[in-house]
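*Asks:* Below is upload.cif; it holds mmCIF, C-alpha atoms.
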data_work
#
loop_
_atom_site.label_atom_id
_atom_site.label_comp_id
_atom_site.auth_asym_id
_atom_site.auth_seq_id
_atom_site.Cartn_x
_atom_site.Cartn_y
_atom_site.Cartn_z
CA MET W 1 -14.13 -8.98 55.60
CA PRO W 2 -13.76 -5.24 56.19
CA ILE W 3 -16.78 -2.98 56.55
CA TYR W 4 -17.15 0.19 54.51
CA MET W 5 -19.33 3.26 54.70
CA ASP W 6 -19.89 5.28 51.57
CA LEU W 7 -21.40 8.63 50.71
CA HIS W 8 -23.87 9.30 47.89
CA ILE W 9 -24.89 12.84 47.00
CA VAL W 10 -28.15 12.74 45.04
CA ASP W 11 -30.22 15.82 44.25
CA GLY W 12 -33.80 15.35 45.38
CA ILE W 13 -33.20 12.07 47.16
CA THR W 14 -36.17 10.74 49.16
CA ALA W 15 -36.50 8.10 51.83
CA LYS W 16 -38.46 5.93 49.42
CA GLY W 17 -35.85 6.41 46.67
CA ALA W 18 -33.07 5.39 49.07
CA ALA W 19 -35.07 2.32 50.12
CA GLU W 20 -35.55 1.31 46.50
CA ALA W 21 -31.82 1.68 45.76
CA HIS W 22 -30.97 -0.33 48.89
CA LEU W 23 -33.34 -3.10 47.77
CA GLN W 24 -31.61 -3.24 44.39
CA ASP W 25 -28.28 -3.61 46.21
CA LEU W 26 -29.67 -6.49 48.27
CA LEU W 27 -30.89 -8.36 45.19
CA ILE W 28 -27.39 -8.68 43.67
CA GLN W 29 -25.08 -8.32 46.71
CA ALA W 30 -24.06 -12.00 46.62
CA GLN W 31 -22.61 -11.56 43.11
CA TYR W 32 -20.01 -9.19 44.58
CA ASN W 33 -19.49 -11.11 47.84
CA CYS W 34 -21.02 -8.18 49.74
CA THR W 35 -23.54 -7.83 52.57
CA CYS W 36 -25.47 -4.56 52.56
CA MET W 37 -26.09 -3.97 56.26
CA THR W 38 -28.08 -0.73 56.34
CA TYR W 39 -28.19 2.89 55.22
CA TRP W 40 -28.97 6.42 56.41
CA VAL W 41 -30.68 9.07 54.31
CA ASP W 42 -31.01 12.82 54.78
CA GLU W 43 -33.46 14.37 52.35
CA SER W 44 -32.62 17.93 53.42
CA LYS W 45 -28.94 17.45 52.57
CA ASN W 46 -29.44 15.31 49.44
CA SER W 47 -27.24 12.60 50.91
CA ALA W 48 -27.26 8.91 51.75
CA PHE W 49 -24.72 6.69 53.52
CA CYS W 50 -24.49 2.93 53.05
CA LEU W 51 -22.86 0.42 55.40
CA ILE W 52 -21.54 -2.63 53.55
CA ASP W 53 -19.50 -5.69 54.48
CA ALA W 54 -17.34 -6.13 51.37
CA PRO W 55 -14.00 -7.57 50.23
CA ASN W 56 -12.72 -4.15 49.11
CA ARG W 57 -13.74 -0.66 47.98
CA GLU W 58 -13.96 -1.68 44.32
CA ALA W 59 -16.57 -4.31 45.12
CA VAL W 60 -18.72 -1.60 46.77
CA LYS W 61 -18.43 0.65 43.71
CA GLU W 62 -19.18 -2.18 41.27
CA LEU W 63 -22.20 -3.32 43.31
CA HIS W 64 -23.76 0.15 43.36
CA ASN W 65 -22.98 0.76 39.71
CA LYS W 66 -24.68 -2.46 38.64
CA ALA W 67 -27.63 -2.18 41.05
CA HIS W 68 -28.75 1.40 40.46
CA GLY W 69 -25.88 3.46 39.03
CA LEU W 70 -25.68 5.97 41.89
CA ILE W 71 -22.19 7.48 42.13
CA THR W 72 -20.17 6.72 45.25
CA HIS W 73 -18.50 10.00 46.20
CA GLN W 74 -16.37 8.69 49.05
CA ILE W 75 -15.74 5.33 50.74
CA ILE W 76 -14.02 4.77 54.07
CA GLU W 77 -13.27 1.63 56.03
CA VAL W 78 -14.94 1.57 59.43
CA ALA W 79 -15.36 -0.61 62.51
CA SER W 80 -18.94 -1.69 63.14
CA THR W 81 -18.58 -0.96 66.86
CA VAL W 82 -17.52 2.63 66.12
CA VAL W 83 -20.41 3.13 63.69
CA GLU W 84 -22.86 1.85 66.31
CA SER W 85 -21.32 4.13 68.95
CA PHE W 86 -21.77 7.24 66.83
CA LEU W 87 -24.96 6.42 64.94
CA GLY W 88 -26.76 4.00 67.28
CA ARG W 89 -27.15 1.04 64.92
CA ILE W 90 -25.48 -1.06 62.22
CA TYR W 91 -28.62 -2.70 60.83
CA ASP W 92 -32.00 -1.37 59.75
CA PRO W 93 -34.17 0.06 62.55
CA GLU W 94 -36.24 -2.73 64.10
CA SER W 95 -39.46 -0.70 64.06
CA THR W 96 -39.38 -0.15 60.29
CA GLU W 97 -42.57 -1.25 58.52
CA LEU W 98 -42.64 -2.72 55.04
CA LEU W 99 -44.09 -0.55 52.29
CA GLU W 100 -45.81 -2.35 49.41
CA GLY W 101 -44.85 -5.62 51.05
CA LYS W 102 -41.12 -5.36 50.38
CA LEU W 103 -39.64 -1.87 50.91
CA LYS W 104 -38.20 -0.86 54.28
CA VAL W 105 -38.63 2.91 54.12
CA PHE W 106 -37.17 5.07 56.89
CA ASN W 107 -35.83 8.60 56.97
CA ASP W 108 -32.92 8.38 59.41
CA PRO W 109 -30.28 11.10 58.89
CA ALA W 110 -26.64 10.38 59.80
CA PHE W 111 -26.06 14.00 60.85
CA ARG W 112 -24.84 14.09 64.45
CA ILE W 113 -23.88 16.70 67.03
CA LEU W 114 -20.59 15.81 68.68
CA LEU W 115 -19.58 17.03 72.12
CA LEU W 116 -15.84 16.83 72.76
CA ILE W 117 -14.60 16.95 76.35
CA GLN W 118 -10.91 17.23 77.14
CA THR W 119 -9.25 16.76 80.51
CA ILE W 120 -5.66 17.18 81.64
CA ASP W 121 -3.11 14.53 80.71
CA PRO W 122 -3.43 11.98 83.56
CA ILE W 123 0.35 11.88 84.11
CA LEU W 124 0.35 15.62 84.68
CA LEU W 125 -2.60 15.23 87.04
CA VAL W 126 -0.73 12.59 89.06
CA ASN W 127 2.24 14.94 89.27
CA ASN W 128 0.02 17.82 90.39
CA VAL W 129 -2.16 16.12 93.01
CA GLY W 130 -0.79 12.61 93.63
CA LYS W 131 -2.10 9.26 92.39
CA ASP W 132 -4.90 8.79 94.93
CA LYS W 133 -6.53 12.16 94.30
CA CYS W 134 -5.96 11.76 90.56
CA ASP W 135 -7.81 8.42 90.61
CA ASP W 136 -10.66 9.92 92.64
CA LEU W 137 -11.05 12.85 90.25
CA LEU W 138 -11.01 10.70 87.12
CA VAL W 139 -13.48 8.20 88.58
CA ARG W 140 -15.82 11.10 89.47
CA TYR W 141 -15.37 12.54 85.98
CA GLN W 142 -16.29 9.24 84.31
CA GLN W 143 -19.30 8.82 86.61
CA MET W 144 -20.57 12.33 85.90
CA LEU W 145 -20.06 11.72 82.19
CA ALA W 146 -22.14 8.54 82.33
CA ASP W 147 -24.85 10.16 84.46
CA THR W 148 -25.23 13.23 82.24
CA CYS W 149 -25.24 11.09 79.09
CA ARG W 150 -28.24 9.19 80.44
CA GLU W 151 -29.96 12.42 81.44
CA PHE W 152 -29.54 14.10 78.05
CA GLU W 153 -29.70 11.02 75.80
CA GLY W 154 -26.10 11.27 74.66
CA LYS W 155 -23.97 8.29 73.72
CA ILE W 156 -20.28 7.98 74.57
CA ALA W 157 -19.01 7.33 71.05
CA ASP W 158 -15.26 7.30 71.64
CA GLN W 159 -12.62 7.94 74.30
CA TYR W 160 -8.95 8.33 73.38
CA GLU W 161 -6.01 9.84 75.20
CA ASN W 162 -7.69 12.51 77.37
CA ILE W 163 -10.65 13.27 75.07
CA SER W 164 -14.21 11.90 75.26
CA ILE W 165 -16.69 12.23 72.37
CA ILE W 166 -20.42 12.19 73.04
CA SER W 167 -22.85 11.78 70.12
CA PHE W 168 -26.26 13.50 70.06
CA VAL W 169 -29.13 13.60 67.60
CA THR W 170 -30.16 17.14 68.61
CA ALA W 171 -28.16 20.28 69.31
CA PHE W 172 -30.50 21.17 72.19
CA LYS W 173 -29.52 18.03 74.13
CA ALA W 174 -25.82 18.51 73.37
CA VAL W 175 -25.78 22.11 74.60
CA ALA W 176 -27.79 21.22 77.71
CA HIS W 177 -25.36 18.38 78.45
CA ALA W 178 -22.36 20.68 78.10
CA LEU W 179 -23.87 23.28 80.42
CA LYS W 180 -24.74 20.61 82.99
CA LEU W 181 -21.16 19.32 82.96
CA GLN W 182 -19.96 22.83 83.71
CA ASP W 183 -22.32 22.94 86.70
CA VAL W 184 -21.68 19.54 88.28
CA PHE W 185 -17.97 20.21 88.77
CA SER W 186 -16.73 22.86 91.17
CA ASN W 187 -14.31 25.50 89.91
CA GLU W 188 -11.55 23.73 91.84
CA GLU W 189 -12.33 20.43 90.10
CA LYS W 190 -12.54 22.11 86.71
CA GLU W 191 -9.19 23.78 87.38
CA LEU W 192 -7.53 20.51 88.40
CA LEU W 193 -9.08 18.59 85.49
CA GLN W 194 -8.46 21.51 83.10
CA LEU W 195 -11.90 20.73 81.70
CA LYS W 196 -12.52 21.97 78.14
CA ILE W 197 -15.62 21.41 76.02
CA SER W 198 -16.44 21.98 72.35
CA ILE W 199 -19.55 21.26 70.27
CA ASN W 200 -19.56 20.64 66.53
CA ALA W 201 -21.79 18.84 64.05
CA GLY W 202 -21.43 16.98 60.78
CA VAL W 203 -21.87 13.79 58.80
CA PRO W 204 -19.89 10.52 59.05
CA VAL W 205 -18.20 10.48 55.65
CA THR W 206 -16.41 13.45 54.11
CA LYS W 207 -12.81 13.72 52.90
CA SER W 208 -11.32 12.16 56.01
CA GLU W 209 -10.61 8.42 56.27
CA ARG W 210 -11.94 8.51 59.84
CA LEU W 211 -15.63 8.28 60.69
CA PHE W 212 -16.79 11.84 61.43
CA GLY W 213 -13.10 12.72 60.95
CA ASP W 214 -13.51 16.31 59.78
CA THR W 215 -16.07 17.09 62.49
CA ILE W 216 -13.84 15.59 65.19
CA GLN W 217 -10.70 17.37 63.98
CA ALA W 218 -12.50 20.73 64.00
CA GLY W 219 -13.88 19.94 67.46
CA GLU W 220 -10.38 19.13 68.75
CA ARG W 221 -9.09 22.43 67.46
CA MET W 222 -12.00 24.30 69.02
CA LEU W 223 -10.91 23.00 72.42
CA LEU W 224 -8.17 25.64 72.20
CA VAL W 225 -10.71 28.45 71.87
CA GLY W 226 -12.45 30.74 74.36
CA LYS W 227 -11.94 31.88 77.92
CA LYS W 228 -11.54 29.66 80.97
CA TYR W 229 -14.60 27.44 81.58
CA GLN W 230 -16.27 28.54 78.34
CA ILE W 231 -17.82 26.00 75.97
CA ALA W 232 -16.67 26.52 72.37
CA ALA W 233 -19.51 26.03 69.87
CA ALA W 234 -19.18 25.91 66.09
CA SER W 235 -21.21 28.35 63.99
CA ILE W 236 -23.45 25.50 62.78
CA ILE W 237 -24.55 24.78 66.36
CA LYS W 238 -25.88 28.31 66.76
CA GLU W 239 -27.64 28.00 63.40
CA ILE W 240 -29.53 24.83 64.34
CA HIS W 241 -30.08 25.76 67.99
CA ASN W 242 -32.16 28.50 69.59
CA LYS W 243 -30.12 31.66 68.93
CA ASN W 244 -31.78 33.54 71.79
CA HIS W 245 -30.67 30.79 74.15
CA PHE W 246 -27.07 31.36 73.01
CA LYS W 247 -27.38 35.07 73.81
CA GLN W 248 -28.54 34.19 77.32
CA GLN W 249 -25.54 31.85 77.76
CA GLN W 250 -22.87 34.12 76.26
CA ASP W 251 -20.77 33.96 79.45
CA SER W 252 -20.76 30.16 79.28
CA ILE W 253 -20.63 29.59 75.50
CA PHE W 254 -18.14 31.05 73.03
CA THR W 255 -19.64 30.82 69.54
CA LEU W 256 -17.29 30.83 66.59
CA THR W 257 -18.20 32.49 63.33
CA ILE W 258 -17.48 30.80 60.01
CA THR W 259 -14.56 33.22 59.59
CA ASP W 260 -13.25 32.26 63.05
CA GLU W 261 -13.37 28.58 62.08
CA LYS W 262 -11.50 29.15 58.84
CA ARG W 263 -8.83 31.24 60.56
CA LEU W 264 -8.45 28.71 63.36
CA ASN W 265 -8.01 25.84 60.90
CA GLN W 266 -5.55 27.88 58.87
CA LEU W 267 -3.54 28.66 62.02
CA ILE W 268 -3.40 25.05 63.19
CA ASN W 269 -2.57 23.76 59.71
CA VAL W 270 0.39 26.12 59.50
CA LEU W 271 1.58 25.15 63.00
CA GLU W 272 1.24 21.44 62.15
CA GLN W 273 3.24 21.86 58.96
CA ASN W 274 6.05 23.65 60.79
CA SER W 275 6.02 21.87 64.16
CA GLY W 276 9.53 20.47 63.60
CA ASN W 277 11.02 23.61 62.06
CA LYS W 278 13.24 25.28 64.68
CA SER W 279 13.52 28.46 62.61
CA PHE W 280 9.76 28.91 62.38
CA ALA W 281 8.76 32.06 64.29
CA VAL W 282 6.15 34.81 64.37
CA GLU W 283 7.38 36.41 61.13
CA ALA W 284 6.92 33.14 59.24
CA LEU W 285 3.48 32.66 60.79
CA CYS W 286 2.49 36.16 59.64
CA LYS W 287 3.61 35.36 56.11
CA SER W 288 1.74 32.04 56.05
CA MET W 289 -1.41 33.71 57.32
CA SER W 290 -0.99 36.74 55.01
CA MET W 291 -1.35 39.03 58.01
CA SER W 292 0.61 41.81 59.65
CA LYS W 293 2.01 41.26 63.16
CA SER W 294 -0.65 43.47 64.70
CA SER W 295 -3.47 41.69 62.84
CA LEU W 296 -2.11 38.28 63.78
CA ASN W 297 -1.79 39.34 67.41
CA ARG W 298 -5.44 40.51 67.45
CA LEU W 299 -6.54 37.22 65.91
CA THR W 300 -4.69 34.90 68.29
CA TRP W 301 -5.62 36.99 71.31
CA SER W 302 -9.34 37.20 70.46
CA LEU W 303 -9.62 33.51 69.55
CA LEU W 304 -7.12 31.83 71.84
CA GLY W 305 -6.17 34.37 74.48
CA LYS W 306 -2.50 34.04 73.49
CA THR W 307 0.14 36.01 71.66
CA PRO W 308 1.46 34.46 68.43
CA ASN W 309 4.80 33.67 70.09
CA SER W 310 3.22 31.90 73.06
CA LEU W 311 0.91 30.02 70.68
CA ILE W 312 3.88 28.65 68.72
CA ASN W 313 5.70 27.61 71.90
CA GLU W 314 2.65 25.99 73.49
CA PHE W 315 1.84 24.15 70.28
CA ARG W 316 5.34 22.67 70.21
CA LEU W 317 5.17 21.70 73.87
CA ASN W 318 1.77 20.03 73.51
CA LYS W 319 3.07 18.16 70.48
CA ALA W 320 6.06 17.04 72.55
CA LEU W 321 3.72 15.90 75.33
CA GLN W 322 1.83 13.69 72.86
CA LEU W 323 5.07 12.19 71.59
CA LEU W 324 6.32 11.49 75.11
CA ARG W 325 3.07 9.71 75.88
CA LYS W 326 2.97 7.39 72.90
CA SER W 327 5.96 7.55 70.52
CA GLY W 328 8.66 5.72 72.47
CA ASP W 329 11.26 8.18 71.16
CA THR W 330 13.99 9.57 73.36
CA ILE W 331 13.75 13.04 74.88
CA ALA W 332 16.47 14.25 72.52
CA GLN W 333 14.59 12.92 69.47
CA ILE W 334 11.36 14.54 70.61
CA SER W 335 13.03 17.87 71.31
CA PHE W 336 14.36 18.11 67.76
CA ALA W 337 11.15 16.71 66.23
CA THR W 338 9.17 19.56 67.81
CA GLY W 339 11.48 22.38 66.75
CA PHE W 340 13.58 22.97 69.87
CA THR W 341 17.24 23.84 69.39
CA SER W 342 18.54 21.48 72.09
CA PRO W 343 17.28 18.84 74.56
CA SER W 344 18.33 21.01 77.52
CA TYR W 345 16.36 24.01 76.26
CA PHE W 346 13.39 21.75 75.54
CA SER W 347 13.49 20.32 79.07
CA LYS W 348 13.60 23.81 80.57
CA CYS W 349 10.61 24.99 78.51
CA PHE W 350 8.71 21.79 79.24
CA GLN W 351 9.21 22.13 82.99
CA ASN W 352 8.24 25.80 82.99
CA HIS W 353 5.01 25.03 81.16
CA PHE W 354 3.92 21.70 82.70
CA GLN W 355 5.67 21.89 86.12
CA ILE W 356 7.40 18.57 85.46
CA THR W 357 10.56 17.55 83.59
CA PRO W 358 10.29 15.26 80.56
CA THR W 359 12.40 12.70 82.45
CA ARG W 360 10.03 12.69 85.41
CA TYR W 361 7.05 12.47 83.08
CA LEU W 362 8.42 9.29 81.52
CA GLU W 363 9.16 7.84 84.97
CA LEU W 364 5.56 8.39 86.08
CA LEU W 365 4.29 6.98 82.80
CA LYS W 366 6.23 3.75 83.35
CA GLU W 367 5.02 3.51 86.95
CA ILE W 368 1.37 3.85 85.94
CA LYS W 369 1.70 1.28 83.14
CA LYS W 370 3.06 -1.37 85.54
#
Would you put the structure from the file into structure tokens?
*Replies:*
Amino acid sequence: MPIYMDLHIVDGITAKGAAEAHLQDLLIQAQYNCTCMTYWVDESKNSAFCLIDAPNREAVKELHNKAHGLITHQIIEVASTVVESFLGRIYDPESTELLEGKLKVFNDPAFRILLLIQTIDPILLVNNVGKDKCDDLLVRYQQMLADTCREFEGKIADQYENISIISFVTAFKAVAHALKLQDVFSNEEKELLQLKISINAGVPVTKSERLFGDTIQAGERMLLVGKKYQIAAASIIKEIHNKNHFKQQQDSIFTLTITDEKRLNQLINVLEQNSGNKSFAVEALCKSMSMSKSSLNRLTWSLLGKTPNSLINEFRLNKALQLLRKSGDTIAQISFATGFTSPSYFSKCFQNHFQITPTRYLELLKEIKK
């Protein structure tokens, strides 16, 4: 059966109250063909998250409604391995003692700090330095990642495409890990790997259907932010970390404000919505952002170090790179899907930006997959 994680928002929730509700679930779970695996509770945020093996979402809702009546605000399907990677467990903590002979009471928040690390597309790295040096660099990167995770008690929660996600319980450890990663690689290695780091924080279930989906999406977008070699940190990280420490690290860490985050998300949303529109240009971006050209230029330059026009072009090219890597579409199809007026113009822009033609990229991709 599938496994689900749900979110309950309950004013004044306590660890004991969550334990009592969980016990009520356990008493009748068989009636709904469910297995209540564990839960997380955060008293400070009035929230609890349940992990349940169930036939479907409706069974989860009906079980909770009958057991204790607490409203389920959101339910997502998850993989137990992914939950364990991000949160460290899928069953109750082993050290939990029984209260009153039957209640397992523990206050274990699901709030996590996520460190996102992005490296260059490996096909581009092969093209730039050759396969042998590419392999050496990526092996060193993975080794340094593993070593620093052990040092700072981080857990590699996910790795996809050219992004690694490390999960931390504390912001202090996450920031220290990020700074250490910046130090262990030379500037030459960071340049070749095009190493980018962002730090964000959040809870596992929100509006997204992906575990920690909203936090991860924001973290991915933050990888675009800041100067070369700077770590991009969300406003919440500064709030829960030592603010004086951030002042001391201002050359290494770019901290976004809440306004920055909203503007960045608005920008990327607009670009996503118009990625295949060949007529979409700076004027349309200004209109969508409700900004003048000069204001938009100040925004994109201060946040991303790019003009609006270069931002639109780079966004299209990066989108095309993703499609080349995994879609299986032809170069012509990808060129039109990303808003270019012709395959030849797309190929020219692609080569100018990535120093490789789309055709050669696909050739190297096939060679590496053999």
*Asks:* Can you translate the PyMOL selection byres ((chain W and resi 170) around 10) into the concrete residues it hits in this file, as a list in words?
*Replies:*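 That expression, the PyMOL selection byres ((chain W and resi 170) around 10), corresponds here to Phe111, Arg112, Ile113, Leu114, Phe152, Glu153, Gly154, Ser167, Phe168, Val169, Ala171, Phe172, Lys173, Ala174, Val175, Ala201, Ile237, Ile240 and His241 of chain W.
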*Asks:* Might you spell out which residues the PyMOL selection byres ((chain W and resi 20-25) around 12) would select in the displayed file, as a PyMOL selection string?
*Replies:* chain W and resi 8+10+13-19+26-41+48-52+59-71+92+98-100+102-106
*Asks:* So that I have them on file, write out the residues from the current selection with C-alpha atoms, as a PDB file, keeping the file's coordinate frame.
*Replies:*
ATOM      1  CA  HIS W   8     -23.870   9.300  47.890  1.00  0.00           C
ATOM      2  CA  VAL W  10     -28.150  12.740  45.040  1.00  0.00           C
ATOM      3  CA  ILE W  13     -33.200  12.070  47.160  1.00  0.00           C
ATOM      4  CA  THR W  14     -36.170  10.740  49.160  1.00  0.00           C
ATOM      5  CA  ALA W  15     -36.500   8.100  51.830  1.00  0.00           C
ATOM      6  CA  LYS W  16     -38.460   5.930  49.420  1.00  0.00           C
ATOM      7  CA  GLY W  17     -35.850   6.410  46.670  1.00  0.00           C
ATOM      8  CA  ALA W  18     -33.070   5.390  49.070  1.00  0.00           C
ATOM      9  CA  ALA W  19     -35.070   2.320  50.120  1.00  0.00           C
ATOM     10  CA  LEU W  26     -29.670  -6.490  48.270  1.00  0.00           C
ATOM     11  CA  LEU W  27     -30.890  -8.360  45.190  1.00  0.00           C
ATOM     12  CA  ILE W  28     -27.390  -8.680  43.670  1.00  0.00           C
ATOM     13  CA  GLN W  29     -25.080  -8.320  46.710  1.00  0.00           C
ATOM     14  CA  ALA W  30     -24.060 -12.000  46.620  1.00  0.00           C
ATOM     15  CA  GLN W  31     -22.610 -11.560  43.110  1.00  0.00           C
ATOM     16  CA  TYR W  32     -20.010  -9.190  44.580  1.00  0.00           C
ATOM     17  CA  ASN W  33     -19.490 -11.110  47.840  1.00  0.00           C
ATOM     18  CA  CYS W  34     -21.020  -8.180  49.740  1.00  0.00           C
ATOM     19  CA  THR W  35     -23.540  -7.830  52.570  1.00  0.00           C
ATOM     20  CA  CYS W  36     -25.470  -4.560  52.560  1.00  0.00           C
ATOM     21  CA  MET W  37     -26.090  -3.970  56.260  1.00  0.00           C
ATOM     22  CA  THR W  38     -28.080  -0.730  56.340  1.00  0.00           C
ATOM     23  CA  TYR W  39     -28.190   2.890  55.220  1.00  0.00           C
ATOM     24  CA  TRP W  40     -28.970   6.420  56.410  1.00  0.00           C
ATOM     25  CA  VAL W  41     -30.680   9.070  54.310  1.00  0.00           C
ATOM     26  CA  ALA W  48     -27.260   8.910  51.750  1.00  0.00           C
ATOM     27  CA  PHE W  49     -24.720   6.690  53.520  1.00  0.00           C
ATOM     28  CA  CYS W  50     -24.490   2.930  53.050  1.00  0.00           C
ATOM     29  CA  LEU W  51     -22.860   0.420  55.400  1.00  0.00           C
ATOM     30  CA  ILE W  52     -21.540  -2.630  53.550  1.00  0.00           C
ATOM     31  CA  ALA W  59     -16.570  -4.310  45.120  1.00  0.00           C
ATOM     32  CA  VAL W  60     -18.720  -1.600  46.770  1.00  0.00           C
ATOM     33  CA  LYS W  61     -18.430   0.650  43.710  1.00  0.00           C
ATOM     34  CA  GLU W  62     -19.180  -2.180  41.270  1.00  0.00           C
ATOM     35  CA  LEU W  63     -22.200  -3.320  43.310  1.00  0.00           C
ATOM     36  CA  HIS W  64     -23.760   0.150  43.360  1.00  0.00           C
ATOM     37  CA  ASN W  65     -22.980   0.760  39.710  1.00  0.00           C
ATOM     38  CA  LYS W  66     -24.680  -2.460  38.640  1.00  0.00           C
ATOM     39  CA  ALA W  67     -27.630  -2.180  41.050  1.00  0.00           C
ATOM     40  CA  HIS W  68     -28.750   1.400  40.460  1.00  0.00           C
ATOM     41  CA  GLY W  69     -25.880   3.460  39.030  1.00  0.00           C
ATOM     42  CA  LEU W  70     -25.680   5.970  41.890  1.00  0.00           C
ATOM     43  CA  ILE W  71     -22.190   7.480  42.130  1.00  0.00           C
ATOM     44  CA  ASP W  92     -32.000  -1.370  59.750  1.00  0.00           C
ATOM     45  CA  LEU W  98     -42.640  -2.720  55.040  1.00  0.00           C
ATOM     46  CA  LEU W  99     -44.090  -0.550  52.290  1.00  0.00           C
ATOM     47  CA  GLU W 100     -45.810  -2.350  49.410  1.00  0.00           C
ATOM     48  CA  LYS W 102     -41.120  -5.360  50.380  1.00  0.00           C
ATOM     49  CA  LEU W 103     -39.640  -1.870  50.910  1.00  0.00           C
ATOM     50  CA  LYS W 104     -38.200  -0.860  54.280  1.00  0.00           C
ATOM     51  CA  VAL W 105     -38.630   2.910  54.120  1.00  0.00           C
ATOM     52  CA  PHE W 106     -37.170   5.070  56.890  1.00  0.00           C
TER      53      PHE W 106
END
*Asks:* Go through the shown structure with the PyMOL selection byres ((chain W and resi 317) around 12) and write out the matching residues as a PyMOL selection string.
*Replies:* chain W and resi 271+275-276+310-316+318-324+334-340+345-354+357-358
*Asks:* My list of candidates is W:Leu211, W:Leu125, W:Leu193, W:Leu264. Which is closest to Tyr141 of chain W when distances are computed with only C-alpha atoms?
*Replies:* W:Leu193
*Asks:* Compile the contact shell of segment 155-166 of chain W as a ChimeraX atom specification: residues with an atom at most 10 Å away, counting all atoms listed in the file, same-chain residues fewer than 3 positions apart removed.
*Replies:* /W:81-88,112-122,142,145-146,148-150,152,169,174,177,196-199,216,219-220,322,325-326
*Asks:* Residues as selected, C-alpha atoms, written as an mmCIF file, in the coordinates of the input, can you do that?
*Replies:*
data_model
loop_
_atom_site.group_PDB
_atom_site.id
_atom_site.type_symbol
_atom_site.label_atom_id
_atom_site.label_comp_id
_atom_site.auth_asym_id
_atom_site.auth_seq_id
_atom_site.Cartn_x
_atom_site.Cartn_y
_atom_site.Cartn_z
ATOM 1 C CA THR W 81 -18.580 -0.960 66.860
ATOM 2 C CA VAL W 82 -17.520 2.630 66.120
ATOM 3 C CA VAL W 83 -20.410 3.130 63.690
ATOM 4 C CA GLU W 84 -22.860 1.850 66.310
ATOM 5 C CA SER W 85 -21.320 4.130 68.950
ATOM 6 C CA PHE W 86 -21.770 7.240 66.830
ATOM 7 C CA LEU W 87 -24.960 6.420 64.940
ATOM 8 C CA GLY W 88 -26.760 4.000 67.280
ATOM 9 C CA ARG W 112 -24.840 14.090 64.450
ATOM 10 C CA ILE W 113 -23.880 16.700 67.030
ATOM 11 C CA LEU W 114 -20.590 15.810 68.680
ATOM 12 C CA LEU W 115 -19.580 17.030 72.120
ATOM 13 C CA LEU W 116 -15.840 16.830 72.760
ATOM 14 C CA ILE W 117 -14.600 16.950 76.350
ATOM 15 C CA GLN W 118 -10.910 17.230 77.140
ATOM 16 C CA THR W 119 -9.250 16.760 80.510
ATOM 17 C CA ILE W 120 -5.660 17.180 81.640
ATOM 18 C CA ASP W 121 -3.110 14.530 80.710
ATOM 19 C CA PRO W 122 -3.430 11.980 83.560
ATOM 20 C CA GLN W 142 -16.290 9.240 84.310
ATOM 21 C CA LEU W 145 -20.060 11.720 82.190
ATOM 22 C CA ALA W 146 -22.140 8.540 82.330
ATOM 23 C CA THR W 148 -25.230 13.230 82.240
ATOM 24 C CA CYS W 149 -25.240 11.090 79.090
ATOM 25 C CA ARG W 150 -28.240 9.190 80.440
ATOM 26 C CA PHE W 152 -29.540 14.100 78.050
ATOM 27 C CA VAL W 169 -29.130 13.600 67.600
ATOM 28 C CA ALA W 174 -25.820 18.510 73.370
ATOM 29 C CA HIS W 177 -25.360 18.380 78.450
ATOM 30 C CA LYS W 196 -12.520 21.970 78.140
ATOM 31 C CA ILE W 197 -15.620 21.410 76.020
ATOM 32 C CA SER W 198 -16.440 21.980 72.350
ATOM 33 C CA ILE W 199 -19.550 21.260 70.270
ATOM 34 C CA ILE W 216 -13.840 15.590 65.190
ATOM 35 C CA GLY W 219 -13.880 19.940 67.460
ATOM 36 C CA GLU W 220 -10.380 19.130 68.750
ATOM 37 C CA GLN W 322 1.830 13.690 72.860
ATOM 38 C CA ARG W 325 3.070 9.710 75.880
ATOM 39 C CA LYS W 326 2.970 7.390 72.900
#
*Asks:* What does the structure give for the distance between atom CA of Leu137 of chain W and atom CA of Ala232 of chain W, in Å to one decimal?
*Replies:*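 Spanning atom CA of Leu137 of chain W to atom CA of Ala232 of chain W is a straight-line distance of 23.2 Å.
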*Asks:* Extract, using only C-alpha atoms, all DNA, RNA and protein residues at most 12 Å from Met291 of chain W, discarding same-chain residues fewer than 5 positions from it, and format them as a list in words.
*Replies:* Arg263, Gln266, Leu267, Val282, Glu283, Ala284, Leu285, Cys286, Leu296, Asn297, Arg298, Leu299, Thr300 and Pro308 of chain W
*Asks:* Tell me, as a list in words, which residues lie within 7 Å of Phe212 of chain W, counting all atoms listed in the file; anything in the same chain fewer than 5 positions away does not count.
*Replies:* Gly202, Val203, Pro204 and Val205 of chain W
*Asks:* Okay, now the selection with C-alpha atoms, as a PDB file, in the coordinates of the input?
*Replies:*
ATOM      1  CA  GLY W 202     -21.430  16.980  60.780  1.00  0.00           C
ATOM      2  CA  VAL W 203     -21.870  13.790  58.800  1.00  0.00           C
ATOM      3  CA  PRO W 204     -19.890  10.520  59.050  1.00  0.00           C
ATOM      4  CA  VAL W 205     -18.200  10.480  55.650  1.00  0.00           C
TER       5      VAL W 205
END
*Asks:* With only C-alpha atoms counted and 12 Å as the cut-off, give the residues of segment 154-209 of chain W in contact with segment 126-132 of chain W, each with its shortest interatomic distance in Å and the pair that gives it, as JSON lines.
*Replies:*
{"residue": "W:Glu189", "atom": "CA", "partner": "W:Val129", "partner_atom": "CA", "distance": 11.4}
{"residue": "W:Glu191", "atom": "CA", "partner": "W:Asn128", "partner_atom": "CA", "distance": 11.4}
{"residue": "W:Leu192", "atom": "CA", "partner": "W:Asn128", "partner_atom": "CA", "distance": 8.3}
{"residue": "W:Leu193", "atom": "CA", "partner": "W:Asn128", "partner_atom": "CA", "distance": 10.4}
{"residue": "W:Gln194", "atom": "CA", "partner": "W:Asn128", "partner_atom": "CA", "distance": 11.8}
